[in-house]
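Chemist: Before anything else, here's the structure in question.
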Amino acid sequence: MEVENQQRTKGVKPPLESEVQDAVDQTGFGKFHYKLFVICSMVFMNTGLGASSSGLIVPAASCDFKMRTEDKGRLTAAPMLGMVCGSYFWGCLADIKGRRTALLAALFLDGCAGLTSAFVPNYWVFAFLRFLNGFAITGQSAMIFPYLGEFQPKRLRETILCWLEMAWTAGIIMLPLLGWLIIPMTFRYTSENFSFASWNLFVLICSLPALSFSAVLLFFPESPKYLFEDSQDHRAMQILARMYAENSGKPAENYPVKFVRSGGDPLEAKLAVVSNDGLISPVKIKRRKKLIGKMLGDIVKHTMTILRPPYLTITLLTSTIQFAMTAAYYTLMSWFPELFRRFAEFEKENPDSSAGICSLSVVMPVANSTTQVDVVDEFGCETKLQGSVFLYTIFLGLACIPTSVWLPLCIGRLGYRFFLVVSTVFPGAAAVGLFFVTSSTQNLIVSCIFEALTSMGVSVVYCVLVTFYPTHLRVIAASFSALCGRSGALIGNLMFGYLLDLHCIVPIAVVAGLLFFGAALTFFLPRKAKLEKTDSTPVMN
């Protein structure tokens, strides 16, 4: 947006957030945004695929790694630990090097770790590589919302971000389809110190999307909002002009915004303009190379900013809700395939009997180092994953389609608070319902309700973060929230793995309690946040 000459001569500090958003709005909405949405959807689909893959990998690899229930719990928790450790790292990298750079690094690390883990014969090395997968996945999930959101016109941003939920759904549908195609294969290559079976091939193929999408992302630009924050006005204006040209089909020199003044000291403001020949050139360039030490200092400063008024309340509320929802979602999501497997095996052996989730470990011999059970097939080497396990996991993904469509279509009318309440209260009730299921069909119905609504809620929280924070705090807020959420997921998976066979009631009750607690907190969230026209401080209503 053009700043009046009178304002510039007086040295008035420009309203960076509103001016840059106005400049983005002037690029329109069209071809560029469609292409960007496709690649961002592919990246988010990969995060859904990667975050859910442990549920199929763990039972399939049980024999080769001789895993008991607590070993499965540790392996399932390894990616969650990586997510905890990676949450703040990626936020720092995104602020130092940019959103796109952080996404590229996360995708490349995810692909390389997955590719390597497909050939590893040792349990602990495999667990470490799964840790790296989780470390990289959290970078993708935390960065994709700010990256995509910062390119969007203000009027469409919330809706576009909500449509990303459909990409997550696609990922968790594709995963069991791929698993059903590959894992039941009976081939196995074995040498003295190496073995490669169908589940290894599954891991290998799951690593390829991350590497492919990182190559495609190289052709997309950095966020112009980040570039303005980083005083790279020249590059930012080039990107805005490119967006306008692609969206409108007109020459870049027709872009109506001729300059945007970046923030900071008004005496050192940099201006970038579009010249008559369509080439963007700086009117005044006074670059300051940001040292890593200074940037890390900014990270600490921004973290302290979101932990002080006026952001303190919204930070504590969103982080706590994220902790509750993510802990519940990732805990049960990772263990649903295992529960499906147990029901399938029980019903195969006892076709005329019924059992609840908490009684399956009693009526079925389950490998657990803390229980003395005489078992013939202790590690499941003679047990193959039945087709119903994959089919039910596909149903979990299909159950998310209605909510993935409902969310972007209605969030503008119903508001994010409505969706947060729905995605906590009803899944909490579904978790309580797990105590009363006595068959695989009942378990599937309750699981689908839980999966569909909680996955929607996790996406809503990320959308809220983009709405409530200005550009320079957005990534830090998302990283802090992700840190809290992944910590909950780690604790939940460890708890579930250790207590499922010993005190089954406890982990399920904790999951339900967390969701009801999160539902209560949503009523304390402000109804909306908007940026003042004069600065970038949000006004909470």
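Ligands are numbered from 1 in the order shown, residues from 1 within each chain, and chains are lettered A, B, ... in the order they appear in the structure tokens.
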May I have the residues within 12 Å of Ile306 (chain A) as a list in words, using only C-alpha atoms and disregarding those fewer than 6 positions away in the same chain?
Modeler: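 Listing them by chain and then by number gives Ile299, Val300, Leu312, Thr313, Ile314, Thr315, Leu316, Leu317, Thr318, Ser319, Leu465, Phe468, Tyr469, Pro470, His472, Leu473, Arg474, Val475, Ile476, Ala477, Ala478, Ser479, Phe480, Ser481, Thr537 and Pro538 of chain A.
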Chemist: Which residues, written as a VMD selection string, have at least one atom at most 10 Å from Leu332 (chain A), with only C-alpha atoms counted and residues fewer than 2 positions away on the same chain left out?
Modeler: chain A and resid 55 327 to 330 334 to 339 431 447 450 to 451 489 492 to 493 496 507 to 508 511
Chemist: Just N, CA, C and O atoms for this one: save the residues we selected as a short mmCIF file (atom, residue, chain, number, x, y, z; two decimals), in the first residue's frame.
Modeler:
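Generated output (part.cif):
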data_model
loop_
_atom_site.label_atom_id
_atom_site.label_comp_id
_atom_site.auth_asym_id
_atom_site.auth_seq_id
_atom_site.Cartn_x
_atom_site.Cartn_y
_atom_site.Cartn_z
N GLY A 55 1.70 -46.59 13.60
CA GLY A 55 0.63 -47.52 13.92
C GLY A 55 0.66 -48.79 13.10
O GLY A 55 0.21 -49.84 13.56
N ALA A 327 -2.13 -34.52 22.73
CA ALA A 327 -1.85 -35.70 23.56
C ALA A 327 -2.91 -36.77 23.31
O ALA A 327 -2.60 -37.95 23.11
N ALA A 328 -4.18 -36.35 23.31
CA ALA A 328 -5.26 -37.31 23.09
C ALA A 328 -5.23 -37.88 21.68
O ALA A 328 -5.34 -39.10 21.49
N TYR A 329 -5.05 -37.01 20.69
CA TYR A 329 -5.13 -37.44 19.30
C TYR A 329 -4.00 -38.40 18.94
O TYR A 329 -4.24 -39.51 18.44
N TYR A 330 -2.76 -38.00 19.18
CA TYR A 330 -1.63 -38.83 18.77
C TYR A 330 -1.54 -40.11 19.58
O TYR A 330 -1.04 -41.13 19.09
N SER A 334 -2.04 -43.49 17.28
CA SER A 334 -0.90 -44.39 17.12
C SER A 334 -1.22 -45.81 17.57
O SER A 334 -0.59 -46.76 17.11
N TRP A 335 -2.22 -45.95 18.47
CA TRP A 335 -2.52 -47.27 19.01
C TRP A 335 -3.77 -47.91 18.42
O TRP A 335 -4.04 -49.07 18.68
N PHE A 336 -4.53 -47.18 17.63
CA PHE A 336 -5.74 -47.78 17.03
C PHE A 336 -5.43 -49.03 16.21
O PHE A 336 -6.12 -50.05 16.34
N PRO A 337 -4.40 -49.01 15.31
CA PRO A 337 -4.12 -50.25 14.56
C PRO A 337 -3.79 -51.43 15.47
O PRO A 337 -4.18 -52.58 15.17
N GLU A 338 -3.10 -51.17 16.58
CA GLU A 338 -2.79 -52.26 17.52
C GLU A 338 -4.07 -52.79 18.16
O GLU A 338 -4.23 -54.00 18.33
N LEU A 339 -4.99 -51.89 18.51
CA LEU A 339 -6.27 -52.33 19.08
C LEU A 339 -7.09 -53.10 18.05
O LEU A 339 -7.74 -54.10 18.39
N ALA A 431 -13.96 -41.29 23.77
CA ALA A 431 -12.93 -41.98 24.57
C ALA A 431 -13.56 -42.72 25.74
O ALA A 431 -13.17 -43.85 26.05
N SER A 447 -13.92 -45.24 17.30
CA SER A 447 -12.62 -44.74 16.85
C SER A 447 -12.77 -43.73 15.73
O SER A 447 -12.05 -42.73 15.67
N PHE A 450 -13.86 -40.39 17.12
CA PHE A 450 -12.72 -39.75 17.79
C PHE A 450 -11.74 -39.18 16.77
O PHE A 450 -11.34 -38.01 16.87
N GLU A 451 -11.37 -39.96 15.78
CA GLU A 451 -10.37 -39.55 14.79
C GLU A 451 -10.85 -38.35 13.98
O GLU A 451 -10.11 -37.38 13.78
N ALA A 489 1.84 -35.48 23.40
CA ALA A 489 1.80 -36.71 22.60
C ALA A 489 2.84 -37.71 23.09
O ALA A 489 2.57 -38.92 23.16
N GLY A 492 1.68 -39.13 26.41
CA GLY A 492 0.54 -40.01 26.20
C GLY A 492 0.93 -41.36 25.62
O GLY A 492 0.42 -42.40 26.04
N ASN A 493 1.85 -41.37 24.63
CA ASN A 493 2.26 -42.64 24.03
C ASN A 493 3.04 -43.52 25.00
O ASN A 493 2.86 -44.74 25.02
N PHE A 496 0.45 -44.88 27.46
CA PHE A 496 -0.41 -45.90 26.88
C PHE A 496 0.33 -47.21 26.71
O PHE A 496 -0.20 -48.29 26.98
N PRO A 507 -5.02 -44.94 31.17
CA PRO A 507 -4.69 -44.11 30.01
C PRO A 507 -5.91 -43.62 29.24
O PRO A 507 -5.93 -42.48 28.76
N ILE A 508 -6.95 -44.45 29.13
CA ILE A 508 -8.16 -44.03 28.41
C ILE A 508 -8.87 -42.92 29.18
O ILE A 508 -9.36 -41.94 28.60
N VAL A 511 -7.02 -39.65 28.66
CA VAL A 511 -7.32 -39.08 27.34
C VAL A 511 -8.66 -38.34 27.37
O VAL A 511 -8.77 -37.21 26.89
#
Chemist: Nearest to Asn254 (chain A): which of A:Ala136, A:Phe126, A:Arg242, A:Asp95 is it, counting only C-alpha atoms?
Modeler: A:Arg242
Chemist: Rank A:Thr101, A:Thr47, A:Thr159, A:Thr190 by their smallest atom-to-atom distance to Leu218 (chain A), using only C-alpha atoms, and report the top residue only.
Modeler: A:Thr101
Chemist: Find the residue from A:Ala142, A:Ala61, A:Cys162, A:Lys250 that sits nearest to Cys410 (chain A); use only C-alpha atoms when measuring.
Modeler: A:Cys162
Chemist: Using only C-alpha atoms, which of A:Ala170, A:Ala197, A:Ile401, A:Ala51 sits nearest Phe131 (chain A)?
Modeler: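 Closest to Phe131 (chain A), using only C-alpha atoms: A:Ala51.
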Chemist: Taking only region 330-468 of chain A into account, list the residues labelled helix (DSSP H, G or I) by DSSP (computed from the backbone), as an MDAnalysis selection string.
Modeler: chainID A and resid 330:349 357:363 387:414 416:436 440:468
Chemist: Just the residues within 12 Å of Ser87 (chain A), please, counting only C-alpha atoms, with nothing from its chain fewer than 2 positions along; format it as number ranges by chain.
Modeler: A: 80-85, 89-94, 102, 106, 134-143, 475-487
Chemist: So, counting only C-alpha atoms, which residue among A:Ala127, A:Val257, A:Ile239, A:Ala324 is closest to Thr522 (chain A)?
Modeler: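 Going through A:Ala127, A:Val257, A:Ile239, A:Ala324 one by one, the smallest distance to Thr522 (chain A) is for A:Ala324.
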Chemist: Pick out the closest residue to Val260 (chain A) from this set: A:Glu17, A:Thr471, A:Pro351, A:Ala509. Count only C-alpha atoms.
Modeler: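 Going through A:Glu17, A:Thr471, A:Pro351, A:Ala509 one by one, the smallest distance to Val260 (chain A) is for A:Glu17.
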